[in-house]
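J.: Handing you a structure now.
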2 protein chains.
Amino acid sequence: MPLKKIGNQTIKLLNPPSIISHYSIVGPKEGDGPLKDYFDLILEDDLWGEESFEKAERKIQEQAVRAAVDGAQLSLQDIDFLLAGDLLNQIVASGYAARELAIPFFGLYGACSTMTESLSLGAMLVEGGFADRVVCATSSHFSSAERQFRFPLEYGAQRSFSAQWTVTGAGATVLSSYGSGPYITYITPGRIIDPGITDAANMGASMAPAAIDTLVNHFQDTGFQPSDYDLIISGDLGIVGKSIVIDLMKEKGYDISKNYTDCGVEIFNPNTQDTHAGGSGCGCSAVVFNGYILKEMKKGRFKRVLFMATGALHSTTINQQGESIPSIAHAVTIDINNEQVM
Amino acid sequence: MPLKKIGNQTIKLLNPPSIISHYSIVGPKEGDGPLKDYFDLILEDDLWGEESFEKAERKIQEQAVRAAVDGAQLSLQDIDFLLAGDLLNQIVASGYAARELAIPFFGLYGACSTMTESLSLGAMLVEGGFADRVVCATSSHFSSAERQFRFPLEYGAQRSFSAQWTVTGAGATVLSSYGSGPYITYITPGRIIDPGITDAANMGASMAPAAIDTLVNHFQDTGFQPSDYDLIISGDLGIVGKSIVIDLMKEKGYDISKNYTDCGVEIFNPNTQDTHAGGSGCGCSAVVFNGYILKEMKKGRFKRVLFMATGALHSTTINQQGESIPSIAHAVTIDINNEQVM
């Protein structure tokens, strides 16, 4: 077994990469929600001057990367790799953004787990000495996702109560071998778990078992307890998935009820914003991480966070063939200090 | 700049990972082609007992991974990470294969560049000490790709002469920090290049400039000449793209006419197999690499190969919106000996 792997599936980063810059852009609805003060840019119009939702999503992701790189006082030429993906077929928001940015590009598909998939791979590339600086990015757009995965908005289809609302937004994080933190110190990449759910309007329940599998592996591999974290936050399980995770983790001997929440629960106000089970989409965990979590870490409220984006890797084609929804969750530990706890 | 990066965008692997096992599965048409003796398994029927082309593709990829792991005399539990992707929306062939294999999974989308995207990331994860053993895999299926990207086969649409034929097949490669070669010694990840072509039936011309950009960067970064390689082979530029690459590389001062070919050119016989400009799809470079190239390396015919899969990262949605086709090419150097040349 290699030195950097501990336990079953966790990586301990001996020279933890630093998050040297981060940026978040959201649409108008997200900018009306409880986290509005944390986002760097709130769009007034979710087409942002583009002629299609897909092109708008590309622009949002591209601008998030440009602003994150600017924030690090770097130019695009200083970036070794861009690791990005999104929900659209053929990850075109990321591909077309990467075309404009001209950075060597690794395209990822992890559905809504993409933010931590990119942080995991990006952190290993930096720590391993393959790159000095990488950008990890992802995006989603309510209107591009709805028409691709569900119904064209013009149909006015009624949404079920377990359905989540795809976030319009993008987040970008610059990792570097130099910097003063926050640091990525542990990575627990996930396995695919499929509880057999075929209802694409119930993603929270589909993804919860993958989240639990990764959490349990993370605690077993590292020896940490939930109380070692100031915050444990999943990607977009929403209200339905969050309660499943709390209940089933308790059955497995881990009480996370005090310090666990979910990005999809935090981003909207369920009483006033009509978002049913909460937010979802790659952009959900991306903007909550690059907005809320990192800014609260820098203010000193959270010193140690376990951030775990979650993804449902089905397609409409295979769903129509009767297959259930396979899900995954990748977890990363973010530490404000560069001291390896164990 | 980090120690392992040389020049603009090339990684030199100081402790090159070894390819300890590889496996290829192809459909009946590929099994009738010029490379038929190199493939490990030729299917008699491209549904392979499944009820849909997508489910057949999943099974082909899953079995390629299982057989590659078996070939290394390992079990699935010995594999640290699976890095895989495919052409289908939401990379469902890979996602559902990963569900059955239960290996921690990084989903990739690089279109037909996926084989070298996975080898690049996989090699860095092994060399960096994050994993002892990874599997890199990809697949494509003629029938699942045609109905997703072009026309349902039932339409009987006529194909243009610049069109390529999506390969039915999957390849899997096991990389390890231990082993006696062949080794991955250099990696040149690509940038996205878009020459403005909007015709999805002319992928070779769309991808050729990305291939040229990566080749030129590779030669400049490493100081190698084309003659330092026994074989330079691109992924699936086909007959149209291959001739563009030879011509434009000559203009840039590199004569690759003697030792360069393309997987899409080699896999079919254009005179008898009616494949027009040649083969394409993630599976094309995957089976040519894991079948033909690696077996000829082990026989001693090729000692040093530059293998560069190429991908077109458009979607039908964005193509219908008038956007052109953005392309990418990732190159890896495969050395039979573990001696760093420079």
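How things are named: the first chain in the structure tokens is A, the next is B, and so on; residues count from 1 in each chain; ligands count from 1 in the order shown.
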Among the residues of region 187-291 of chain B, find those DSSP assigns to alpha helix (DSSP H) from the backbone and print them as a PyMOL selection string.
T.: chain B and resi 203-222+238-251+263-266+282-287
J.: Give me, as a list in words, all polymer residues having an atom no more than 9 Å from region 10-15 of chain B, counting only C-alpha atoms and skipping those fewer than 4 positions away in the same chain.
T.: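 Returned residues: Phe130 and Ala131 of chain A; Leu3, Lys4, Lys5, Ile6, Ala123, Met124, Glu127, Gly128, Ser177, Ile184, Thr185, Tyr186, Ile187, Thr188, Pro189, Asn217, His218, Asp221, Thr222, Asn338 and Gln340 of chain B.
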J.: Could you please take those selected residues and save C-alpha atoms as a PDB file, in the first residue's frame?
T.:
ATOM      1  CA  PHE A 130       2.549  17.500 -11.268  1.00  0.00           C
ATOM      2  CA  ALA A 131       1.160  21.025 -11.078  1.00  0.00           C
TER       3      ALA A 131
ATOM      4  CA  LEU B   3       9.890  19.352 -10.690  1.00  0.00           C
ATOM      5  CA  LYS B   4       7.775  16.955 -12.728  1.00  0.00           C
ATOM      6  CA  LYS B   5       6.541  19.515 -15.232  1.00  0.00           C
ATOM      7  CA  ILE B   6       8.785  20.277 -18.171  1.00  0.00           C
ATOM      8  CA  ALA B 123      -0.392   7.446 -14.179  1.00  0.00           C
ATOM      9  CA  MET B 124      -0.106  10.617 -12.087  1.00  0.00           C
ATOM     10  CA  GLU B 127       3.410   7.973  -9.592  1.00  0.00           C
ATOM     11  CA  GLY B 128       2.376  10.456  -6.900  1.00  0.00           C
ATOM     12  CA  SER B 177       3.781   1.269  -9.188  1.00  0.00           C
ATOM     13  CA  ILE B 184       4.222   5.524 -19.028  1.00  0.00           C
ATOM     14  CA  THR B 185       7.076   8.004 -19.003  1.00  0.00           C
ATOM     15  CA  TYR B 186       5.697  11.345 -20.284  1.00  0.00           C
ATOM     16  CA  ILE B 187       2.258  12.922 -20.388  1.00  0.00           C
ATOM     17  CA  THR B 188       1.225  15.927 -22.475  1.00  0.00           C
ATOM     18  CA  PRO B 189      -2.376  16.838 -21.587  1.00  0.00           C
ATOM     19  CA  ASN B 217       3.831  21.103 -27.434  1.00  0.00           C
ATOM     20  CA  HIS B 218       5.055  17.577 -26.713  1.00  0.00           C
ATOM     21  CA  ASP B 221       8.535  20.493 -24.109  1.00  0.00           C
ATOM     22  CA  THR B 222      10.562  17.274 -24.275  1.00  0.00           C
ATOM     23  CA  ASN B 338      12.257   2.224 -17.786  1.00  0.00           C
ATOM     24  CA  GLN B 340      14.298   8.199 -18.830  1.00  0.00           C
TER      25      GLN B 340
END
J.: Go through region 150-271 of chain A and collect every residue that DSSP, computed from the backbone, puts in strand (DSSP E or B); the answer should be as a ChimeraX atom specification.
T.: /A:165-166,169-176,183-188,193,231-234,260-262
J.: Considering only C-alpha atoms, state which residue in the set A:Gly204, A:Pro182, A:Gln273, A:Phe39 is at the smallest distance from Lys298 (chain A).
T.: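 Ranked by minimum distance to Lys298 (chain A), first place goes to A:Pro182.
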J.: How close does each residue of region 179-226 of chain A get to region 239-258 of chain A, giving the shortest atom pair and distance in Å to one decimal for every residue with an atom at most 10 Å away, counting only C-alpha atoms, sorted by chain and residue number, as JSON lines?
T.:
{"residue": "A:Asn202", "atom": "CA", "partner": "A:Val240", "partner_atom": "CA", "distance": 8.2}
{"residue": "A:Met203", "atom": "CA", "partner": "A:Gly241", "partner_atom": "CA", "distance": 7.8}
{"residue": "A:Gly204", "atom": "CA", "partner": "A:Gly241", "partner_atom": "CA", "distance": 4.0}
{"residue": "A:Ala205", "atom": "CA", "partner": "A:Gly241", "partner_atom": "CA", "distance": 5.0}
{"residue": "A:Ser206", "atom": "CA", "partner": "A:Gly241", "partner_atom": "CA", "distance": 7.9}
{"residue": "A:Met207", "atom": "CA", "partner": "A:Gly241", "partner_atom": "CA", "distance": 7.2}
{"residue": "A:Ala208", "atom": "CA", "partner": "A:Gly241", "partner_atom": "CA", "distance": 5.4}
{"residue": "A:Pro209", "atom": "CA", "partner": "A:Val245", "partner_atom": "CA", "distance": 7.5}
{"residue": "A:Ala210", "atom": "CA", "partner": "A:Val245", "partner_atom": "CA", "distance": 9.7}
{"residue": "A:Ala211", "atom": "CA", "partner": "A:Val245", "partner_atom": "CA", "distance": 7.4}
{"residue": "A:Ile212", "atom": "CA", "partner": "A:Val245", "partner_atom": "CA", "distance": 6.3}
{"residue": "A:Asp213", "atom": "CA", "partner": "A:Met249", "partner_atom": "CA", "distance": 9.4}
{"residue": "A:Leu215", "atom": "CA", "partner": "A:Met249", "partner_atom": "CA", "distance": 8.5}
{"residue": "A:Val216", "atom": "CA", "partner": "A:Met249", "partner_atom": "CA", "distance": 7.9}
{"residue": "A:Phe219", "atom": "CA", "partner": "A:Tyr254", "partner_atom": "CA", "distance": 9.0}
{"residue": "A:Gln225", "atom": "CA", "partner": "A:Tyr254", "partner_atom": "CA", "distance": 7.6}
{"residue": "A:Pro226", "atom": "CA", "partner": "A:Ile256", "partner_atom": "CA", "distance": 5.9}
J.: So that I can see what lies close to Gly181 (chain B), please list as a list in words the residues with an atom at most 6 Å from it, counting only C-alpha atoms and leaving out residues fewer than 6 positions away in the same chain.
T.: Ser18, Ile19 and Ile336 of chain B
J.: Using Å and a single decimal, report how far CA of Val92 (chain A) sits from CA of Ile193 (chain B).
T.: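 Computing it gives 13.8 Å between the two atoms.
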J.: Neighbouring residues of Ser140 (chain A) were defined as those with any atom within 6 Å, considering only C-alpha atoms; residues of the same chain fewer than 3 positions away were excluded. Please report them as an mmCIF file with C-alpha atoms, in the first residue's frame.
T.:
data_model
loop_
_atom_site.group_PDB
_atom_site.id
_atom_site.type_symbol
_atom_site.label_atom_id
_atom_site.label_comp_id
_atom_site.auth_asym_id
_atom_site.auth_seq_id
_atom_site.Cartn_x
_atom_site.Cartn_y
_atom_site.Cartn_z
ATOM 1 C CA THR A 168 -28.098 28.280 -11.461
ATOM 2 C CA GLY A 169 -24.524 29.045 -10.637
ATOM 3 C CA GLY A 281 -27.081 20.512 -9.431
ATOM 4 C CA CYS A 282 -23.295 20.711 -9.651
ATOM 5 C CA GLY A 283 -23.593 24.446 -9.044
#
J.: Near Gly110 (chain A), counting only C-alpha atoms, which residues have an atom at most 10 Å away, once you skip same-chain residues fewer than 3 positions from it, shown as a list in words?
T.: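 Once the adjacent positions are removed, what remains is Ala84, Gly85, Asp86, Leu87, Ser113, Thr114, Met115, Thr116, Glu117, Ser118, Cys282, Ala309, Thr310, Gly311, Ala312, Leu313, Ser327, Ile328, Ala329 and His330 of chain A; Gln90, Ile91, Gly95, Phe105, Phe106, Gly107, Leu108 and Tyr109 of chain B.
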J.: Just the number, please: distance in Å from CA of Leu153 (chain A) to CA of Ala56 (chain A), one decimal.
T.: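 Computing it gives 16.2 Å between the two atoms.
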J.: Which is closer to Leu294 (chain A) than all the others in A:Tyr96, A:Tyr183, A:Trp48, A:Phe224, using only C-alpha atoms?
T.: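 Answer, going by the shortest atom-to-atom distance: A:Tyr183.
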J.: Counting only C-alpha atoms, which residue out of A:Phe142, A:Phe302, A:Tyr178, A:Phe151 sits closest to chain B?
T.: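 Ranked by minimum distance to chain B, first place goes to A:Tyr178.
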